[in-house]
Amino acid sequence: MKFIQFIGTQRSGSNLLRTMLNQLPEIAAPHPPHILKTFEHLLPIYDDLNDNSNFESLINDICLWIELNPVTWQTSKFDRAKIRDRCEENTLIELFYKVYSYYAELQHSEYTCCKSMSNVHHYRDLEAAGLNPRYIYLHRDGRDVACSFKKAIVGEKHVYHIARQWKSDQEKSLEVEQNIPSDRFINVKYRDLITDPESILKKVCSFLNVPFNQIMLNYFHAEEALKTARSGKMWQNLSQPIMAGNYNKYLKELTLEEIRIFESVAGDMLEKLGYDVASDYKNMPELEEHDIEAYSLQNSKMKKEAILTADRHDIEARSPQQELLNRFHTMLVNTNRSCHKLTL
């Protein structure tokens with residue numbers, strides 16, 4: 001099974017590109033449940049994965065996690081036994097890949113595609129496991145990413161924290177480019193995707209060695225796109241044709257101070273990726289510790305407000321997974337307490 005891995009930062013058009021690729025019968029690109037990001041911190045719950053019963057518990061929990069995803073996959077329930085039979089090693093990476101490849105087999109697709117862009121921070125694990133992904137590095141002007149995160153139910157909210165995350169993700173993505181064969185890496189700019197979609201999609205299809213199909217441009221009629229749009233306000237644009245002018249929003253939506261803060265953190269990366277900067281960030285004084293502390297307090301407050309003011313439907317769509325995650329965290333706390341007692 002061939003494997004596609006998106007890398008970069010969320011809120012960069014990845015769901016748009018995912019739904020476009022998902023129109024092709026050769027590619028199964030489900031909405032991501034962020035398996036690695038979610039479960040890497042929960043592994044202590046399962047103790048030694050070489051114990052088959054522990055590994056089977058992990059299989060069950062990951063399958064349940066996917067089944068509760070706000071945007072459902074095109075299968076009502078995962079066959080745990082079949083996934084177990086496919087796993088050659090008792091590791092999270094192996095299980096992650098076999099879940100995706102199993103789903104692609106159900107769709108009769110030759111490619112499985114993971115849109116979890118945070119997996120860029122796991123690329124060495126993906127490579128060590130021999131998965132040899134074809135990486136699609138999709139990037140967007142970080143200041144527009146900040147505008148999007150400020151309105152989303154997920155993610156950081158203060159531009160300082162968004163800038164730090166965005167810069168870190170781009171640095172890691174460029175590291176991938178430097179360390180894997182060039183025939184497994186493609187760089188796609190979001191602005192190019194929305195202003196010249198057919199050209200960019202043909203380029204991506206050529207990279208993947210699959211035929212381009214005009215149906216990709218009509219993604220907004222597809223059930224996958226409509227289902228995603230219905231599942232949360234931050235994906236509602238997927239029910240519409242491409243918004244060719246959806247860039248440089250930060251010029252109207254961020255204050256001059258917010259732009260200054262973002263560029264003081266990530267101005268060098270903006271320029272490296274070909275985006276214009278508005279400030280003389282190179283000569284700006286470093287942010288003071290008390291400023292950063294204030295930003296952190298504001299960020300925490302803004303994240304709480306985002307939940308409190310979120311659309312009720314969005315909250316309800318996410319609540320089954322959130323309840324499961326709360327249960328996992330309780331188990332993790334209890335596990336850590338037990339381990340602490342054993343070490344005393």
# chains A, B, ... in the order shown; residues from 1 in each chain; ligands from 1
$ residues_around --residues "Ile194 of chain A" --least-positions-apart "4" --cutoff "8 Å" --atoms "only C-alpha atoms" --output "MDAnalysis selection string"
chainID A and resid 190 242:246
$ write_last_selection --atoms "N, CA, C and O atoms" --output "PDB file, in the first residue's frame"
ATOM      1  N   TYR A 190      -0.460  27.183  -0.614  1.00  0.00           N
ATOM      2  CA  TYR A 190      -1.918  27.295  -0.582  1.00  0.00           C
ATOM      3  C   TYR A 190      -2.427  28.345  -1.559  1.00  0.00           C
ATOM      4  O   TYR A 190      -3.418  28.121  -2.275  1.00  0.00           O
ATOM      5  N   ILE A 242     -13.890  26.766  -4.890  1.00  0.00           N
ATOM      6  CA  ILE A 242     -12.642  27.361  -4.410  1.00  0.00           C
ATOM      7  C   ILE A 242     -12.781  28.872  -4.268  1.00  0.00           C
ATOM      8  O   ILE A 242     -13.307  29.557  -5.146  1.00  0.00           O
ATOM      9  N   MET A 243     -12.307  29.384  -3.142  1.00  0.00           N
ATOM     10  CA  MET A 243     -12.320  30.823  -2.875  1.00  0.00           C
ATOM     11  C   MET A 243     -10.972  31.391  -3.317  1.00  0.00           C
ATOM     12  O   MET A 243     -10.017  31.432  -2.554  1.00  0.00           O
ATOM     13  N   ALA A 244     -10.910  31.823  -4.571  1.00  0.00           N
ATOM     14  CA  ALA A 244      -9.641  32.212  -5.175  1.00  0.00           C
ATOM     15  C   ALA A 244      -8.992  33.414  -4.492  1.00  0.00           C
ATOM     16  O   ALA A 244      -7.779  33.612  -4.589  1.00  0.00           O
ATOM     17  N   GLY A 245      -9.757  34.223  -3.797  1.00  0.00           N
ATOM     18  CA  GLY A 245      -9.199  35.411  -3.142  1.00  0.00           C
ATOM     19  C   GLY A 245      -8.948  35.235  -1.662  1.00  0.00           C
ATOM     20  O   GLY A 245      -8.728  36.221  -0.940  1.00  0.00           O
ATOM     21  N   ASN A 246      -8.912  33.985  -1.192  1.00  0.00           N
ATOM     22  CA  ASN A 246      -8.799  33.713   0.239  1.00  0.00           C
ATOM     23  C   ASN A 246      -7.340  33.745   0.717  1.00  0.00           C
ATOM     24  O   ASN A 246      -6.815  32.761   1.236  1.00  0.00           O
TER      25      ASN A 246
END
$ closest_residue --among "A:Ile215, A:Ala229, A:Gln74, A:Tyr160" --to "Leu287 of chain A" --atoms "only C-alpha atoms"
A:Tyr160
$ atom_distance --atom1 "atom CA of Leu17 of chain A" --atom2 "atom CA of Tyr123 of chain A"
20.3 Å
$ select_by_dssp --residues "segment 87-130 of chain A" --states "strand (DSSP E)" --output "list in words"
Tyr111, Thr112, Cys113 and Cys114 of chain A
$ residues_around --residues "segment 326-333 of chain A" --least-positions-apart "3" --cutoff "7 Å" --atoms "only C-alpha atoms" --output "list in words"
Leu42, Pro44, Ile45, Gln322, Glu323, Asn336 and Arg337 of chain A
$ atom_distance --atom1 "atom CA of Cys205 of chain A" --atom2 "atom CA of His139 of chain A"
17.9 Å
